[in-house]
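Visitor: I am attaching a structure below and will ask some questions about it afterwards.
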Amino acid sequence: MNDSAGPARKAISFAALLRDLREARSLTQQELAAAARLSVDAVSSLERGRRAQPQPHTVRMLARALQLREADRMALLSSLGRAGNVALEMPSRKRTPRTPSPSSVEVVGRDDEVAEIVDVLGTAPGRLVTLTGPGGVGKTTVALVAADVLAAERPGAVYFADLTDTAEPDDALAAVAHAAACAADTVTGLAEHLAGTSALLVLDNLERVTAFGPHLAELLTASPDTVILATSRVPLRVRREREIRIAPLGPSAAEQLFGERLAAAGAPPMGRGDDSAVTQLCRPTDGLPLAIELMAAAAARLGPPALLERIDTLTELPVAGPQDLPARQRTMAATVEWSCQMLSPAAQRLLPRLSVLPGSFSLDTVDAIAAADAPDAADAADAVGAVGALAELIEHSLVARADDAGPVTRYRLLEPIRRAVETLEPAGQENVRRGVARWALRAGREHGARIRGRGDMAAVERVETDRHVLRLGFDHLVETGQYNAAAELLWWVWLPLWMTGHTHETLAWTNRLHEDDLSEHGRARWLMARAGSNRVAADLFTTAERAMRLAERIDDTSLAAEAAIFASRQRCAWRTSTVHRLCWPGQRF
């Protein structure tokens, strides 16, 4: 038998196996198609052997719809062999695809996104789907895989255009027309060329030419059977557009991608302890696939445990991304720099200021950051500008809403973006930290007064969620010699931090201040916070009594009352504990 029969047997074997698996579950082709989010024609073609080489993603969608066990899933994948693109009994109609082949792209953790894209564009002609998300999140990869699935379901051709280097709508139109093998230089001409063809246009990197959006809406109106799949860091804001945000990967998918890239880089098999290192190395990537790939490439050279030991001191990973990627996608710094070029001056000014903030932050903190080097009279105007700049950063996927629960909306920079911005804009951070310290004192006074005055638990929660930013403000006050201000901040926040189980935090703060550097008022506040953070009972009420006497001397009645109450309670508790130990020495109190 000649060689050409081999691929045919494998394709038919896949078709027969798929049919057997479907019938074993008592599913019709219509039911399987609905569960896999494919068309009935696509399932029928696969079972009849008319599609010789379905793409891996299509097979995974079928396997998930059939709820296959691992053995059946592997059998289904193995039945494909290496057939390549082989036409069987009835060759499909010839197309002119101009997409980079996604068959070599393994997409991890994106089944839901691909299925949503296919569902929207596969069932509603005349639609535009824009994939948005931060640089390095994998928008292009998802678009290519989704386009591949759609190509199997739609009768028309697929045309791919990279619009990275286009800055004007006319340039973008020319690039799309060229990709579609069309000589027209108008939207009307392109629409006439595409009319009746059920074409899929895949337009990559539209963020620099969002003004092309209205032209795309016009194109879809004139050619209603055409569909468009675009990628952009910002939505186009036109009719018919459906925005699908591509979010960072979850922890499990991130670790899977890390492991695959580690193996692809030629790293030896992971040994004992490597799994834990991989988990910890994935955390600072915040699920960004580009950051994961860069981290895996570095780990392949240094080893995961060795890289983990140095990760906190590295401002940039020691390796770049694949050489076949554009230069702007080989490092996180280059990716972020590319994004910054499209920002307004106000947003460009705000972004590096936000990079000094660890963890999440509130809009109040953003206001303080924006007005860090402005006189008080300009604060209000700067705050108004800060809201608009923050909204722009969110739209460009450089800032995201945080997952922190609570009544106040919080925001954050993904960790790879924050680190990249720090390397791009190291100057001017001193002013920013000054603004953070000013905000921390104001927030500490406000929340501390509400807690002490009326036991406001919402204020307690605010202090807990803001503790990373408060610590940054405290650090600046200590480092710049503002010891009394640092002691005041410490006193305002020690109680809510103690109430939320962060005594170790306030104890660390108290250890950074020295009694000799403080005024009497500062010393009284410091002693009170120290008493509240101290776990040694004998020292605890002694320290509180010292704070009380100092507060009485400077006539701070509220501080004196707080210290007196605290000292009496601790002395009573200590005495009760002592009696208990004397009377019942064998029992714990």
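Naming works like this for the structure tokens: A, B, ... for the chains as they're shown, residue 1 at the start of each chain, ligands 1 onward in shown order.
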Show me, as JSON lines, the residues of stretch 398-497 of chain A having an atom within 6 Å of stretch 362-368 of chain A, each with the closest atom pair and its distance in Å, using only C-alpha atoms.
Guide:
{"residue": "A:Arg410", "atom": "CA", "partner": "A:Ser362", "partner_atom": "CA", "distance": 4.7}
{"residue": "A:Gly435", "atom": "CA", "partner": "A:Ala368", "partner_atom": "CA", "distance": 5.6}
{"residue": "A:Trp439", "atom": "CA", "partner": "A:Ala368", "partner_atom": "CA", "distance": 5.8}
Visitor: Env of A:Ala551: 10 Å cut, atoms = only C-alpha atoms, seq-sep filter 3 positions within chain, self excluded. Answer as a list in words.
Guide: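 That gives Glu520, His521, Gly522, Arg523, Ala524, Arg525, Met528, Glu545, Arg546, Ala547, Met548, Ile554, Asp555, Asp556, Thr557, Ser558, Leu559, Ala560, Ala561, Glu562, Ala563 and Ala564 of chain A.
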Visitor: Have a look at A:Asp286, A:Glu422, A:Glu168, A:Glu293 and name the one nearest to A:Ala265; count only C-alpha atoms.
Guide: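 Of A:Asp286, A:Glu422, A:Glu168, A:Glu293, the one nearest A:Ala265 is A:Glu293, counting only C-alpha atoms.
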Visitor: What are the closest atom pairs, with distances in Å to one decimal, for all residues of stretch 188-228 of chain A lying within 12 Å of stretch 338-359 of chain A? Consider only C-alpha atoms, order rows by chain and residue number, and present the result as a Markdown table.
Guide:
| residue | atom | partner | partner_atom | distance |
| --- | --- | --- | --- | --- |
| A:Asn205 | CA | A:Ser339 | CA | 11.2 |
| A:Leu206 | CA | A:Met342 | CA | 11.5 |
| A:Glu207 | CA | A:Met342 | CA | 8.0 |
| A:Arg208 | CA | A:Met342 | CA | 6.9 |
| A:Val209 | CA | A:Met342 | CA | 10.0 |
| A:Thr210 | CA | A:Met342 | CA | 10.7 |
Visitor: Print the selection's residues with C-alpha atoms to a file, as a PDB file, in the first residue's frame.
Guide:
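New file selection-v1.pdb:
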ATOM      1  CA  ASN A 205      -2.731  45.625  17.359  1.00  0.00           C
ATOM      2  CA  LEU A 206      -5.372  48.252  16.676  1.00  0.00           C
ATOM      3  CA  GLU A 207      -4.511  50.333  19.737  1.00  0.00           C
ATOM      4  CA  ARG A 208      -2.477  52.915  17.817  1.00  0.00           C
ATOM      5  CA  VAL A 209      -5.166  53.506  15.244  1.00  0.00           C
ATOM      6  CA  THR A 210      -8.451  53.412  17.165  1.00  0.00           C
TER       7      THR A 210
END
Visitor: Would you mind listing what lies within 9 Å of A:His476 as a ChimeraX atom specification, with only C-alpha atoms counted and same-chain residues fewer than 4 positions away left out?
Guide: /A:430,433-434,436-437,471-472,480-482,486
Visitor: Keeping only N, CA and C atoms, write those residues as a CSV table (one decimal), in the first residue's frame.
Guide:
chain,number,residue,atom,x,y,z
A,430,GLU,N,10.8,60.6,44.9
A,430,GLU,CA,10.9,61.2,46.2
A,430,GLU,C,9.6,62.1,46.5
A,433,ARG,N,6.7,59.8,47.2
A,433,ARG,CA,6.7,59.2,48.6
A,433,ARG,C,6.3,60.3,49.6
A,434,ARG,N,6.7,61.5,49.3
A,434,ARG,CA,6.2,62.6,50.1
A,434,ARG,C,4.7,62.8,50.1
A,436,VAL,N,2.6,60.3,49.5
A,436,VAL,CA,2.1,59.2,50.1
A,436,VAL,C,2.1,59.4,51.7
A,437,ALA,N,3.2,59.9,52.2
A,437,ALA,CA,3.3,60.2,53.6
A,437,ALA,C,2.3,61.2,54.1
A,471,ARG,N,2.2,51.9,55.5
A,471,ARG,CA,3.6,51.5,55.8
A,471,ARG,C,4.6,52.3,54.9
A,472,LEU,N,4.2,52.5,53.7
A,472,LEU,CA,5.1,53.2,52.8
A,472,LEU,C,5.2,54.7,53.3
A,480,THR,N,13.1,60.3,56.4
A,480,THR,CA,13.4,61.7,56.3
A,480,THR,C,13.5,62.4,57.6
A,481,GLY,N,13.6,61.6,58.7
A,481,GLY,CA,13.8,62.2,60.0
A,481,GLY,C,12.5,62.9,60.6
A,482,GLN,N,11.4,62.6,60.1
A,482,GLN,CA,10.1,63.2,60.7
A,482,GLN,C,9.6,62.2,61.7
A,486,ALA,N,5.9,60.3,62.4
A,486,ALA,CA,5.8,58.9,62.3
A,486,ALA,C,5.2,58.3,63.5
Visitor: Neighbouring residues of A:Leu21 were defined as those with any atom within 10 Å, considering only C-alpha atoms; residues of the same chain fewer than 2 positions away were excluded. Please report them as a list in words.
Guide: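 So the residues in contact are Ala16, Leu17, Leu18, Arg19, Glu23, Ala24, Arg25, Ser26, Leu27, Ala63, Leu66, Leu68, Asp72 and Leu76 of chain A.
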Visitor: Which residue gives the smallest distance to A:Asp41 among A:Glu395, A:Glu461, A:Glu488, A:Glu153, with only C-alpha atoms counted?
Guide: A:Glu153
Visitor: Go through stretch 109-357 of chain A and collect every residue that DSSP, computed from the backbone, puts in strand (DSSP E or B); the answer should be as an MDAnalysis selection string.
Guide: chainID A and resid 128:132 158:162 200:204 227:231 241:245
Visitor: Output C-alpha atoms for every residue in the selection just made, as a PDB file, in the first residue's frame.
Guide:
ATOM      1  CA  LEU A 128     -16.926  43.033  15.607  1.00  0.00           C
ATOM      2  CA  VAL A 129     -15.197  41.428  18.581  1.00  0.00           C
ATOM      3  CA  THR A 130     -12.316  43.341  20.152  1.00  0.00           C
ATOM      4  CA  LEU A 131      -9.991  41.472  22.488  1.00  0.00           C
ATOM      5  CA  THR A 132      -8.572  43.870  25.054  1.00  0.00           C
ATOM      6  CA  VAL A 158      -9.666  34.335   6.829  1.00  0.00           C
ATOM      7  CA  TYR A 159      -7.533  37.435   6.340  1.00  0.00           C
ATOM      8  CA  PHE A 160      -4.927  38.601   8.842  1.00  0.00           C
ATOM      9  CA  ALA A 161      -3.530  42.143   9.066  1.00  0.00           C
ATOM     10  CA  ASP A 162      -0.984  43.370  11.611  1.00  0.00           C
ATOM     11  CA  LEU A 200     -13.264  36.797   8.724  1.00  0.00           C
ATOM     12  CA  LEU A 201     -10.871  39.713   9.208  1.00  0.00           C
ATOM     13  CA  VAL A 202      -8.328  39.280  11.998  1.00  0.00           C
ATOM     14  CA  LEU A 203      -6.870  42.708  12.791  1.00  0.00           C
ATOM     15  CA  ASP A 204      -3.996  42.686  15.263  1.00  0.00           C
ATOM     16  CA  VAL A 227     -17.065  39.419  10.775  1.00  0.00           C
ATOM     17  CA  ILE A 228     -14.049  41.070  12.398  1.00  0.00           C
ATOM     18  CA  LEU A 229     -11.853  39.853  15.241  1.00  0.00           C
ATOM     19  CA  ALA A 230      -9.545  42.606  16.501  1.00  0.00           C
ATOM     20  CA  THR A 231      -6.945  42.888  19.240  1.00  0.00           C
ATOM     21  CA  GLU A 241     -18.466  46.019  18.888  1.00  0.00           C
ATOM     22  CA  ARG A 242     -18.359  43.337  21.575  1.00  0.00           C
ATOM     23  CA  GLU A 243     -15.400  43.789  23.913  1.00  0.00           C
ATOM     24  CA  ILE A 244     -13.938  40.621  25.427  1.00  0.00           C
ATOM     25  CA  ARG A 245     -11.274  41.277  28.020  1.00  0.00           C
TER      26      ARG A 245
END
Visitor: Using only C-alpha atoms, which of A:Phe14, A:Ala247, A:Asp111, A:Asp20 sits nearest A:Met61?
Guide: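 Checking each candidate against A:Met61, we get A:Asp111 as the closest.
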